[in-house]
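Structure record follows, encoded as structure tokens.
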Amino acid sequence: MEKTLIIQRYNPEQDQAPSAKRYQVPFDHSTSVLDALLYIQQQLDPTLAFRWSCRMAICGSCGVMVNKIPKLGCKTFLRDYPAELTISALDHFPIEKDLISDMAVFLDHLQAVKPYLINDSNSAEPHRQTPAQLKKYQKFSSCINCGLCYAACPQFGLNPEFLGPAAIVTAQRYNLDSRDQGKAQRMPQLNGKNGVWACTFVGFCADVCPKQLDPAAAVNQGKVASATDMLISIFKP
Amino acid sequence: MNQPKRSDEPIWWALFSAGGVCFAMVIPGLVLTLGLLYPLGLLPEAAFSYSRVQQLLQSFWGLAGLAFAGAAICLPLFHAMHRVHHGLHDLKLAQGRLAKIFCYGLANLLSAVAIVYSGIIA
């Protein structure tokens, strides 16, 4: 049994524009899109470039558009598609080569929200946390930074300055953590016009998230946090 | 990364949210009574006589009229114009300050008219 993969090829140093190339790939019940890409690279065309690592939806490297929907190649199976699949690099990012997109913008946005615990207390004691305190942010902590939500977000497509779903999820993840003291440092990023307020609650980010962590909910909780922050700033001397 | 300026969006978003609640809770009831049941003659004529409605709006020192104008006209206006504003951005038709002034300006203007008019009636 074979299926046809129509893959977007592009080498910015040589090609004027991306072009599509067709490959016949054998498949069975367990063949993922990533397996198919590896087959092509190893058996048919060693020039095909794509990014991958763990093969088990943990590293977040193998994000591609499958039939124009952002997917992790390792978590998407050929059996679920008709005889032909189109595969291209993630939308809304510059292409480095073929299926490899340049994630630098995303990483900049992620860095801007200080995605780490900020706690100045120098005590040697562990920072204890109750299960209820853990529950507040636990869901948002499973982000693997795959960038599928950025490829899905039409607002990020219109305005690459928008912090975007994963960065805001991560900001919320630390802001809601009882051990963290960095909320005041993160809020200015969320409060700006390219922070939470660039989101219009399309919700496609939540549909494509391979970890089902509902980035759209995190962004909208961020809007409440930002509105509260504004209100407090008005009444605070 | 330098710190971005605080967006004024929370104000418009709060009005948008309040308007959304009105659209969900108040407007369907109004459409049903004023738009369907009354014109179809399914409600007693006297229930919506001018003097009775005026009396109703005057109750609580005219605050009833103000609340009605706010819930039925002003807040839904801000809700709708917020959507139009973001819709214009999404369709790449208009972005920036001018679209904002037009959208929220119109909502402000029509709200003012509604409130002044409700004051006159009351």
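In the structure tokens, the first chain shown is A, the next is B, and so on; residue numbers restart at 1 for each chain, and ligands run from 1 in the order shown.
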
Check every residue of chain A for an atom within 9 Å of chain B, counting only C-alpha atoms, and provide those that qualify as number ranges by chain.
A: 108, 111-112, 154-155, 158, 188-195, 197, 200, 223-224, 226-228, 230-231

As a list of chain:residue names, please: every residue in stretch 46-78 of chain B that a backbone DSSP assignment puts in alpha helix (DSSP H).
B:Tyr50, B:Ser51, B:Arg52, B:Val53, B:Gln54, B:Gln55, B:Leu56, B:Leu57, B:Gln58, B:Leu63, B:Ala64, B:Gly65, B:Leu66, B:Ala67, B:Phe68, B:Ala69, B:Leu75, B:Pro76, B:Leu77, B:Phe78

Store the residues picked out above in a file with N, CA and C atoms, as a CSV table (one decimal), in the first residue's frame.
```csv
chain,number,residue,atom,x,y,z
B,50,TYR,N,-47.6,54.7,25.7
B,50,TYR,CA,-46.6,55.7,25.9
B,50,TYR,C,-46.5,56.1,27.3
B,51,SER,N,-47.6,56.4,27.9
B,51,SER,CA,-47.6,56.9,29.3
B,51,SER,C,-47.0,55.8,30.3
B,52,ARG,N,-47.4,54.6,30.0
B,52,ARG,CA,-47.0,53.5,30.9
B,52,ARG,C,-45.5,53.3,30.8
B,53,VAL,N,-45.0,53.2,29.6
B,53,VAL,CA,-43.6,53.0,29.3
B,53,VAL,C,-42.8,54.2,29.9
B,54,GLN,N,-43.3,55.4,29.7
B,54,GLN,CA,-42.7,56.6,30.3
B,54,GLN,C,-42.5,56.5,31.8
B,55,GLN,N,-43.7,56.1,32.4
B,55,GLN,CA,-43.7,55.9,33.9
B,55,GLN,C,-42.7,54.9,34.3
B,56,LEU,N,-42.6,53.8,33.6
B,56,LEU,CA,-41.7,52.7,33.9
B,56,LEU,C,-40.2,53.2,33.8
B,57,LEU,N,-39.9,54.0,32.8
B,57,LEU,CA,-38.5,54.5,32.6
B,57,LEU,C,-38.2,55.6,33.7
B,58,GLN,N,-39.2,56.3,34.2
B,58,GLN,CA,-39.0,57.3,35.2
B,58,GLN,C,-38.7,56.7,36.6
B,63,LEU,N,-33.4,56.4,36.8
B,63,LEU,CA,-32.3,55.4,36.6
B,63,LEU,C,-32.7,54.2,35.8
B,64,ALA,N,-34.0,53.9,35.9
B,64,ALA,CA,-34.5,52.8,35.1
B,64,ALA,C,-34.3,53.1,33.6
B,65,GLY,N,-34.6,54.3,33.2
B,65,GLY,CA,-34.5,54.7,31.8
B,65,GLY,C,-33.0,54.6,31.4
B,66,LEU,N,-32.1,55.1,32.3
B,66,LEU,CA,-30.7,55.1,32.0
B,66,LEU,C,-30.2,53.6,31.9
B,67,ALA,N,-30.7,52.8,32.8
B,67,ALA,CA,-30.2,51.4,32.8
B,67,ALA,C,-30.7,50.7,31.5
B,68,PHE,N,-32.0,51.1,31.1
B,68,PHE,CA,-32.5,50.5,29.8
B,68,PHE,C,-31.7,50.9,28.6
B,69,ALA,N,-31.4,52.2,28.5
B,69,ALA,CA,-30.6,52.7,27.4
B,69,ALA,C,-29.2,52.1,27.4
B,75,LEU,N,-24.2,49.6,25.7
B,75,LEU,CA,-23.2,48.5,25.8
B,75,LEU,C,-23.2,47.6,24.6
B,76,PRO,N,-24.4,47.2,24.1
B,76,PRO,CA,-24.4,46.4,22.8
B,76,PRO,C,-23.7,47.1,21.7
B,77,LEU,N,-23.8,48.5,21.6
B,77,LEU,CA,-23.1,49.3,20.6
B,77,LEU,C,-21.6,49.1,20.7
B,78,PHE,N,-21.1,49.2,22.0
B,78,PHE,CA,-19.7,49.1,22.2
B,78,PHE,C,-19.2,47.7,21.8
```

Could I get the residues of stretch 37-114 of chain A with an atom no further than 6 Å from an atom of stretch 4-8 of chain A, each paired with its nearest atom pair and that distance in Å to one decimal, using only C-alpha atoms, sorted by chain and residue number, as CSV?
```
residue,atom,partner,partner_atom,distance
A:Glu84,CA,A:Thr4,CA,4.7
A:Leu85,CA,A:Leu5,CA,5.0
A:Thr86,CA,A:Ile6,CA,4.5
A:Ile87,CA,A:Ile7,CA,4.8
A:Ser88,CA,A:Gln8,CA,4.9
```

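Of the residues under consideration (A:Cys205, A:Glu2, A:His92, A:Asp98), A:His92 shows the shortest atom-to-atom contact distance to A:Phe156 when counting only C-alpha atoms.
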
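The residues of stretch 47-116 of chain A that DSSP assigns to strand (DSSP E or B) on this backbone come out as Gly63, Val64, Met65, Val66, Ile69, Pro70, Lys71, Leu72, Phe77, Glu84, Leu85, Thr86, Ile87, Ser88, Ile95, Glu96, Lys97, Ile100 and Ser101 of chain A.
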
Let me see the file: selected residues, C-alpha atoms, as a PDB file, in the first residue's frame.
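For reference, selection_36.pdb as written:
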```pdb
ATOM      1  CA  GLY A  63       5.925  20.512  13.320  1.00  0.00           C
ATOM      2  CA  VAL A  64       4.733  20.765   9.699  1.00  0.00           C
ATOM      3  CA  MET A  65       1.543  21.704   7.867  1.00  0.00           C
ATOM      4  CA  VAL A  66      -0.314  18.527   6.850  1.00  0.00           C
ATOM      5  CA  ILE A  69      -3.293  22.131   9.320  1.00  0.00           C
ATOM      6  CA  PRO A  70      -0.353  22.435  11.746  1.00  0.00           C
ATOM      7  CA  LYS A  71       0.586  18.972  13.034  1.00  0.00           C
ATOM      8  CA  LEU A  72       3.453  17.152  14.705  1.00  0.00           C
ATOM      9  CA  PHE A  77      -0.571   9.010  10.788  1.00  0.00           C
ATOM     10  CA  GLU A  84      -2.619  12.197  -1.180  1.00  0.00           C
ATOM     11  CA  LEU A  85      -1.249  14.465   1.555  1.00  0.00           C
ATOM     12  CA  THR A  86       0.325  17.859   1.118  1.00  0.00           C
ATOM     13  CA  ILE A  87       3.107  18.743   3.518  1.00  0.00           C
ATOM     14  CA  SER A  88       4.731  22.118   3.904  1.00  0.00           C
ATOM     15  CA  ILE A  95      11.469  28.974   5.639  1.00  0.00           C
ATOM     16  CA  GLU A  96      15.096  28.004   6.155  1.00  0.00           C
ATOM     17  CA  LYS A  97      14.916  25.057   3.769  1.00  0.00           C
ATOM     18  CA  ILE A 100      12.464  23.617   8.266  1.00  0.00           C
ATOM     19  CA  SER A 101      11.048  26.901   9.479  1.00  0.00           C
TER      20      SER A 101
END
```

Got a sec: who's within 8 Å of stretch 103-108 of chain B, counting only C-alpha atoms, leaving out chain neighbours fewer than 6 positions off, as a short mmCIF file (atom, residue, chain, number, x, y, z; two decimals) with C-alpha atoms, in the first residue's frame?
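Contents of around16.cif, freshly written:
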```cif
data_model
loop_
_atom_site.label_atom_id
_atom_site.label_comp_id
_atom_site.auth_asym_id
_atom_site.auth_seq_id
_atom_site.Cartn_x
_atom_site.Cartn_y
_atom_site.Cartn_z
CA CYS B 74 -25.03 51.65 24.68
CA LEU B 77 -23.14 49.26 20.61
CA PHE B 78 -19.69 49.07 22.17
CA MET B 81 -18.22 48.30 17.27
CA HIS B 82 -15.43 46.38 19.03
CA VAL B 84 -16.26 45.80 13.68
CA HIS B 85 -12.95 47.36 14.77
#
```

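When atom CA of A:Asp229 is paired with atom CA of A:Arg179, their separation reads 19.7 Å.
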
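The spacing separating atom CA of A:Ala167 from atom CA of A:Ala217 amounts to 13.1 Å.
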
Using only C-alpha atoms, which of the listed residues (A:Gly60, A:Pro165, A:Pro18, A:Gly73) sits closest to A:Leu38?
A:Gly73

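Shortest separation to B:Val21 among B:Ala71, B:Ile115, B:Leu37, B:Ala46 occurs at residue B:Ala71, atoms counted being only C-alpha atoms.
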